[in-house]
Amino acid sequence: MSAAQTKERRARLEVAPKPGEAGKGTCKCQGKLADDRYGILDEIIAKHKDTPGSLIPVLHEAQQLFGCLPEDVQSRIAKGLGLPESEVYGVATFYSLFSLRPKGKWTVNVCLGTACYVRGAAACLEALKKELGVDIGGTSRDGLFTLQAVRCLGACALAPVVMIGETVFARVKPEDIPRILADYAATHSSEVAAS
Amino acid sequence: MNVALPQRKPETQPAPARPVAPPGEAAPAKVVRLTIDGRTVEAHEGETVLDAARRAGRDVPTLCYHPAVGRIGSCRVCVVEIEGARNLPASCVTPVADGMVVRTNTPAVREARRTVVELLLAAHPHDCLKCERNGRCELQDLAMRLGIRTARFHREKEHRERDASSPALVREPDKCVLCGRCVKVCNEVQAVGVLGFAYRGTRSCVTPMFEHGLAESKCVSCGQCAKVCPVGAISEKEEWERVLDAIADPDLHVVVQVAPAVRAAIGEEFGIPAGTAVTGKLATALHRLGFDAVFDTQFGADLTIMEEGHELLERIKSRGKLPLITSCSPGWVRFCETFFPDFLGNLSSCKSPQQMMGAVIKTYYAKKAGVAPERIFSVSVMPCTAKKYEAARPEVNASGVRDVDVALTTRELARMIKAAGIDLAGLPDGEFDPPLGISTGAGTIFGATGGVMEAALRTVSEIAAKKPSGKAGAGKLEFAEVRGLEGIREATLDLGGQEVRIAVASGLGNAARLLQRIRDGKASYHFVEIMACPGGCVEGGGQPRSCDPEIAAKRAAALYAEDRRMKARKSHENLAVRRLYEEFLGKPGSEVAHRLLHTTYQSVEEVASAAGVRKEAM
């Protein structure tokens, strides 16, 4: 995957929270939403309902709306489109574009491409896991960082590479990780997450 | 040497459990000639190479293909060589073509099959000794047949927790080989849509949504997944050791009842040819296992007909909610409560034969035998996994304690008999115990799709025609129009001058189609029989597993033959049932009958909201 594709994919992965929600960190939807987003979701479903093969576009728009695809959203989509829940869940878990859990404010991408790997990316990844207290795909308890592993970012000369948001960190050493995360959070704390 | 095409039997073609019907159903399909391993073979256009090869006596090995599920084409165990093809095609999904030259047993084919199975074994636990399927596992059979003697590959698979949350079924995802049979049967045949593939690549797995336990899902416990699973990844929740404990407990009076479909299939587990009813041997085996009383669920079936027949006539007379829909099949009842709650008012309020038996055992029989209901341990043997779920429903406790303590599957009883060192095949014929072991042919045919309908018609037609009951031979006995294996059958009958429209559906996908037609106003009926499993109880989720495409027909034929042998063939001619009414219940539909033999239903949505649980329905 080229750097441009990776960037594009990452951009798609990071979904802007609704105004007023940014900075709160964790998604509050966990199965007891009483806001109007369900109404909007129903409109999305109604718009696509009669088009065959519309599950992926509906999931995509639903993720933009909710930030992730929690269970009640998937159930509603299944019911609305007349599909088995198993099929909706199968598609939502098959594509890495979709996320079942809320994303953090920023995504940390650790490059595990060959060049980065031989220059110690695995140790950086371990340090990140430890520092954030999560596994790959997880979001830190404070809701700030989501950890992702990626294949080549196209910056092999700078290996090992870690990207946070749009910022590339070159020749990262495991012991740098706590400082990198703290600095990033401090300098970007006022921003609304990139969309 | 030529293999000619057998006469096509049109009535068996649209089998209920074959969602992928060969194309060209309406017009007679074109006949093509192909060569399989040097023999000329005739086949219908649209058939697969596998179909043609098997008919020609070439048993190509398969794993994901199952006749009750249809073509999947995921495992590639059935590969063959076809001249002109650039690789080895999977014979189960490759249509025959005129002039095709097929070889099913070349070195390349053997090598490919063996590698495929070796790769499956690489990610499959090697703990066969502790597995429920040990000795009856399709993967084991393949490894044996392909001569695999070493484990060349090894792959760590992500561990996924065993799921024993359901009262009926246990899933062991670590054993899953991702063949897709259960997914297809759950989604396409049964239209339940609980099991699906999730994730991708090495993380792929079969799971309910969000990896919930089956108990939290919309699973209806029909067990069709367990019946088609080639390995030990889905099976019934085993409870037969609890029964052995109960039998060994001198304080307990252990009573057993056996469903009609069990006698038509359990012999298969002991090497008796499919389609042989082993009623007498079964009764002997149960006595030898040490049960204090051996009863027949067919008595409960006769009782169901008395109550349900009364309910039908009552609803027709008083213009009550129609169609009346049968409620004998707990998988179907759960399906209705989950997906078609608008039909709950149509469901017969009658408990199923299992639960009627359970209620009568702990009330009427308890009194007669002078045993307190708390001391009775009531066991049922069912062709069904959903019966475990049904027995555990909180509302079925006529005597104040559970009507049925343990519901075993046919497979579990076979294990229990083997564990006791009893060879069923060599047993002499025995009898069920009176009074609840006495039954009629009407009860017997409950085990086949259309059987409840036919049994009801035998009784209702006689009552409607005001014929003097008790005279054997009065009124019509056999209703050919409701027999057969088509997924949906309908007929119009004349019952004492009243035109009655009926329908029979088996398999929940067929049930859903039928109900949708009723919803849309495209069809209307007075009486509808629905069975959760395609083919009815003979093909229930608890029955011996079989890859024989004719298995449902063979087992049903065994039941119809039993029926013809019975002295009494109409439920109202069951003298023990009559005595039960005289001594205890009064008459069908009486207050006592309602309290003991009838039940209520609740939509899953209502139950969830009553419990204050937020759950998006469907």
# chains A, B, ... in the order shown; residues from 1 in each chain; ligands from 1
$ interface_residues --of "chain B" --to "chain A" --cutoff "7 Å" --atoms "only C-alpha atoms" --output "PyMOL selection string"
chain B and resi 193-200+208-209+616+618
$ select_by_dssp --residues "segment 62-136 of chain B" --states "helix (DSSP H, G or I)" --output "list in words"
Pro107, Ala108, Val109, Arg110, Glu111, Ala112, Arg113, Arg114, Thr115, Val116, Val117, Glu118, Leu119, Leu120, Leu121, Ala122, Cys128, Leu129 and Lys130 of chain B
$ atom_distance --atom1 "atom CA of Ala123 of chain A" --atom2 "atom CA of Pro160 of chain A"
9.9 Å
$ residues_around --residues "Ala285 of chain B" --least-positions-apart "5" --cutoff "8 Å" --atoms "only C-alpha atoms" --output "PDB file with all heavy atoms, in the first residue's frame"
ATOM      1  N   ILE B 417     -27.103 -45.786  26.047  1.00  0.00           N
ATOM      2  CA  ILE B 417     -27.313 -47.225  25.853  1.00  0.00           C
ATOM      3  C   ILE B 417     -25.964 -47.914  25.634  1.00  0.00           C
ATOM      4  O   ILE B 417     -25.686 -48.976  26.209  1.00  0.00           O
ATOM      5  CB  ILE B 417     -28.267 -47.477  24.655  1.00  0.00           C
ATOM      6  CG1 ILE B 417     -29.668 -46.954  24.997  1.00  0.00           C
ATOM      7  CG2 ILE B 417     -28.318 -48.952  24.301  1.00  0.00           C
ATOM      8  CD1 ILE B 417     -30.654 -46.993  23.837  1.00  0.00           C
ATOM      9  N   ILE B 422     -25.252 -52.082  26.363  1.00  0.00           N
ATOM     10  CA  ILE B 422     -26.417 -52.746  25.774  1.00  0.00           C
ATOM     11  C   ILE B 422     -26.326 -52.655  24.256  1.00  0.00           C
ATOM     12  O   ILE B 422     -26.092 -51.576  23.712  1.00  0.00           O
ATOM     13  CB  ILE B 422     -27.727 -52.067  26.266  1.00  0.00           C
ATOM     14  CG1 ILE B 422     -27.849 -52.203  27.786  1.00  0.00           C
ATOM     15  CG2 ILE B 422     -28.943 -52.645  25.551  1.00  0.00           C
ATOM     16  CD1 ILE B 422     -28.962 -51.356  28.394  1.00  0.00           C
ATOM     17  N   LEU B 424     -28.374 -52.532  21.265  1.00  0.00           N
ATOM     18  CA  LEU B 424     -29.773 -52.339  20.897  1.00  0.00           C
ATOM     19  C   LEU B 424     -30.208 -53.317  19.808  1.00  0.00           C
ATOM     20  O   LEU B 424     -31.307 -53.887  19.855  1.00  0.00           O
ATOM     21  CB  LEU B 424     -29.992 -50.896  20.421  1.00  0.00           C
ATOM     22  CG  LEU B 424     -31.439 -50.526  20.133  1.00  0.00           C
ATOM     23  CD1 LEU B 424     -32.122 -50.016  21.384  1.00  0.00           C
ATOM     24  CD2 LEU B 424     -31.543 -49.481  19.028  1.00  0.00           C
ATOM     25  N   LEU B 427     -31.529 -56.751  20.918  1.00  0.00           N
ATOM     26  CA  LEU B 427     -32.529 -56.851  21.991  1.00  0.00           C
ATOM     27  C   LEU B 427     -33.848 -57.448  21.502  1.00  0.00           C
ATOM     28  O   LEU B 427     -34.239 -57.239  20.352  1.00  0.00           O
ATOM     29  CB  LEU B 427     -32.816 -55.454  22.568  1.00  0.00           C
ATOM     30  CG  LEU B 427     -31.703 -54.788  23.377  1.00  0.00           C
ATOM     31  CD1 LEU B 427     -32.162 -53.414  23.853  1.00  0.00           C
ATOM     32  CD2 LEU B 427     -31.309 -55.648  24.569  1.00  0.00           C
TER      33      LEU B 427
END
$ atom_distance --atom1 "atom CA of Val31 of chain B" --atom2 "atom CA of Arg55 of chain B"
14.5 Å
$ decode --residues "segment 42-76 of chain A" --atoms "N, CA, C and O atoms" --output "JSON list (two decimals), in the first residue's frame"
[["chain", "number", "residue", "atom", "x", "y", "z"],
["A", 42, "ASP", "N", -32.11, 6.11, 10.66],
["A", 42, "ASP", "CA", -33.28, 5.57, 9.96],
["A", 42, "ASP", "C", -33.43, 6.20, 8.58],
["A", 42, "ASP", "O", -33.82, 5.53, 7.62],
["A", 43, "GLU", "N", -33.10, 7.50, 8.48],
["A", 43, "GLU", "CA", -33.17, 8.15, 7.17],
["A", 43, "GLU", "C", -32.13, 7.56, 6.22],
["A", 43, "GLU", "O", -32.40, 7.34, 5.04],
["A", 44, "ILE", "N", -30.93, 7.32, 6.76],
["A", 44, "ILE", "CA", -29.87, 6.72, 5.93],
["A", 44, "ILE", "C", -30.33, 5.35, 5.42],
["A", 44, "ILE", "O", -30.20, 5.04, 4.23],
["A", 45, "ILE", "N", -30.90, 4.56, 6.33],
["A", 45, "ILE", "CA", -31.37, 3.23, 5.94],
["A", 45, "ILE", "C", -32.46, 3.34, 4.88],
["A", 45, "ILE", "O", -32.43, 2.66, 3.85],
["A", 46, "ALA", "N", -33.40, 4.26, 5.11],
["A", 46, "ALA", "CA", -34.52, 4.41, 4.16],
["A", 46, "ALA", "C", -34.01, 4.81, 2.78],
["A", 46, "ALA", "O", -34.50, 4.32, 1.76],
["A", 47, "LYS", "N", -32.97, 5.66, 2.76],
["A", 47, "LYS", "CA", -32.42, 6.14, 1.50],
["A", 47, "LYS", "C", -31.84, 4.98, 0.68],
["A", 47, "LYS", "O", -31.95, 4.94, -0.54],
["A", 48, "HIS", "N", -31.21, 4.02, 1.36],
["A", 48, "HIS", "CA", -30.52, 2.93, 0.66],
["A", 48, "HIS", "C", -31.33, 1.65, 0.56],
["A", 48, "HIS", "O", -30.93, 0.73, -0.12],
["A", 49, "LYS", "N", -32.43, 1.60, 1.27],
["A", 49, "LYS", "CA", -33.16, 0.36, 1.49],
["A", 49, "LYS", "C", -33.40, -0.47, 0.23],
["A", 49, "LYS", "O", -33.23, -1.68, 0.23],
["A", 50, "ASP", "N", -33.78, 0.22, -0.86],
["A", 50, "ASP", "CA", -34.18, -0.54, -2.04],
["A", 50, "ASP", "C", -33.04, -0.79, -3.02],
["A", 50, "ASP", "O", -33.25, -1.34, -4.09],
["A", 51, "THR", "N", -31.85, -0.38, -2.66],
["A", 51, "THR", "CA", -30.70, -0.64, -3.53],
["A", 51, "THR", "C", -30.01, -1.92, -3.09],
["A", 51, "THR", "O", -29.59, -2.02, -1.94],
["A", 52, "PRO", "N", -29.89, -2.89, -3.99],
["A", 52, "PRO", "CA", -29.18, -4.11, -3.57],
["A", 52, "PRO", "C", -27.71, -3.79, -3.30],
["A", 52, "PRO", "O", -27.12, -2.91, -3.93],
["A", 53, "GLY", "N", -27.15, -4.48, -2.34],
["A", 53, "GLY", "CA", -25.74, -4.29, -2.02],
["A", 53, "GLY", "C", -25.47, -2.99, -1.29],
["A", 53, "GLY", "O", -24.37, -2.43, -1.38],
["A", 54, "SER", "N", -26.46, -2.48, -0.56],
["A", 54, "SER", "CA", -26.27, -1.17, 0.06],
["A", 54, "SER", "C", -25.74, -1.26, 1.48],
["A", 54, "SER", "O", -25.60, -0.23, 2.15],
["A", 55, "LEU", "N", -25.41, -2.46, 1.93],
["A", 55, "LEU", "CA", -24.98, -2.59, 3.33],
["A", 55, "LEU", "C", -23.71, -1.78, 3.61],
["A", 55, "LEU", "O", -23.63, -1.07, 4.61],
["A", 56, "ILE", "N", -22.73, -1.87, 2.73],
["A", 56, "ILE", "CA", -21.46, -1.19, 3.01],
["A", 56, "ILE", "C", -21.65, 0.34, 3.05],
["A", 56, "ILE", "O", -21.20, 0.97, 4.00],
["A", 57, "PRO", "N", -22.32, 0.95, 2.07],
["A", 57, "PRO", "CA", -22.55, 2.39, 2.20],
["A", 57, "PRO", "C", -23.30, 2.78, 3.48],
["A", 57, "PRO", "O", -22.98, 3.79, 4.11],
["A", 58, "VAL", "N", -24.28, 1.96, 3.87],
["A", 58, "VAL", "CA", -25.04, 2.28, 5.08],
["A", 58, "VAL", "C", -24.13, 2.20, 6.31],
["A", 58, "VAL", "O", -24.13, 3.10, 7.16],
["A", 59, "LEU", "N", -23.31, 1.14, 6.37],
["A", 59, "LEU", "CA", -22.39, 1.01, 7.50],
["A", 59, "LEU", "C", -21.42, 2.20, 7.54],
["A", 59, "LEU", "O", -21.10, 2.74, 8.59],
["A", 60, "HIS", "N", -20.97, 2.60, 6.36],
["A", 60, "HIS", "CA", -20.02, 3.70, 6.27],
["A", 60, "HIS", "C", -20.64, 5.00, 6.81],
["A", 60, "HIS", "O", -20.06, 5.69, 7.64],
["A", 61, "GLU", "N", -21.86, 5.29, 6.35],
["A", 61, "GLU", "CA", -22.51, 6.51, 6.82],
["A", 61, "GLU", "C", -22.85, 6.42, 8.30],
["A", 61, "GLU", "O", -22.75, 7.40, 9.03],
["A", 62, "ALA", "N", -23.22, 5.22, 8.74],
["A", 62, "ALA", "CA", -23.54, 5.06, 10.15],
["A", 62, "ALA", "C", -22.30, 5.28, 11.01],
["A", 62, "ALA", "O", -22.36, 5.90, 12.08],
["A", 63, "GLN", "N", -21.15, 4.84, 10.50],
["A", 63, "GLN", "CA", -19.93, 5.03, 11.28],
["A", 63, "GLN", "C", -19.55, 6.51, 11.33],
["A", 63, "GLN", "O", -19.07, 7.00, 12.36],
["A", 64, "GLN", "N", -19.80, 7.22, 10.23],
["A", 64, "GLN", "CA", -19.54, 8.65, 10.26],
["A", 64, "GLN", "C", -20.42, 9.33, 11.30],
["A", 64, "GLN", "O", -20.02, 10.27, 11.97],
["A", 65, "LEU", "N", -21.64, 8.83, 11.42],
["A", 65, "LEU", "CA", -22.61, 9.43, 12.33],
["A", 65, "LEU", "C", -22.28, 9.12, 13.79],
["A", 65, "LEU", "O", -22.32, 10.00, 14.65],
["A", 66, "PHE", "N", -21.92, 7.87, 14.06],
["A", 66, "PHE", "CA", -21.75, 7.46, 15.45],
["A", 66, "PHE", "C", -20.29, 7.37, 15.88],
["A", 66, "PHE", "O", -20.01, 7.20, 17.06],
["A", 67, "GLY", "N", -19.38, 7.42, 14.92],
["A", 67, "GLY", "CA", -17.97, 7.30, 15.27],
["A", 67, "GLY", "C", -17.51, 5.85, 15.30],
["A", 67, "GLY", "O", -16.32, 5.58, 15.24],
["A", 68, "CYS", "N", -18.43, 4.95, 15.44],
["A", 68, "CYS", "CA", -18.12, 3.51, 15.39],
["A", 68, "CYS", "C", -19.42, 2.79, 15.12],
["A", 68, "CYS", "O", -20.45, 3.42, 14.89],
["A", 69, "LEU", "N", -19.38, 1.46, 15.13],
["A", 69, "LEU", "CA", -20.60, 0.70, 14.82],
["A", 69, "LEU", "C", -20.98, -0.18, 16.01],
["A", 69, "LEU", "O", -20.72, -1.38, 16.03],
["A", 70, "PRO", "N", -21.59, 0.43, 17.03],
["A", 70, "PRO", "CA", -21.97, -0.37, 18.20],
["A", 70, "PRO", "C", -23.12, -1.32, 17.86],
["A", 70, "PRO", "O", -23.74, -1.22, 16.80],
["A", 71, "GLU", "N", -23.39, -2.22, 18.79],
["A", 71, "GLU", "CA", -24.31, -3.31, 18.52],
["A", 71, "GLU", "C", -25.72, -2.84, 18.15],
["A", 71, "GLU", "O", -26.32, -3.33, 17.21],
["A", 72, "ASP", "N", -26.24, -1.87, 18.92],
["A", 72, "ASP", "CA", -27.63, -1.48, 18.62],
["A", 72, "ASP", "C", -27.73, -0.81, 17.25],
["A", 72, "ASP", "O", -28.75, -0.92, 16.57],
["A", 73, "VAL", "N", -26.65, -0.15, 16.81],
["A", 73, "VAL", "CA", -26.66, 0.45, 15.48],
["A", 73, "VAL", "C", -26.68, -0.65, 14.43],
["A", 73, "VAL", "O", -27.47, -0.61, 13.47],
["A", 74, "GLN", "N", -25.86, -1.69, 14.63],
["A", 74, "GLN", "CA", -25.84, -2.79, 13.66],
["A", 74, "GLN", "C", -27.18, -3.54, 13.64],
["A", 74, "GLN", "O", -27.66, -3.93, 12.58],
["A", 75, "SER", "N", -27.77, -3.72, 14.81],
["A", 75, "SER", "CA", -29.07, -4.40, 14.86],
["A", 75, "SER", "C", -30.12, -3.60, 14.10],
["A", 75, "SER", "O", -30.93, -4.15, 13.37],
["A", 76, "ARG", "N", -30.07, -2.28, 14.28],
["A", 76, "ARG", "CA", -31.05, -1.43, 13.62],
["A", 76, "ARG", "C", -30.88, -1.48, 12.10],
["A", 76, "ARG", "O", -31.85, -1.50, 11.34]]
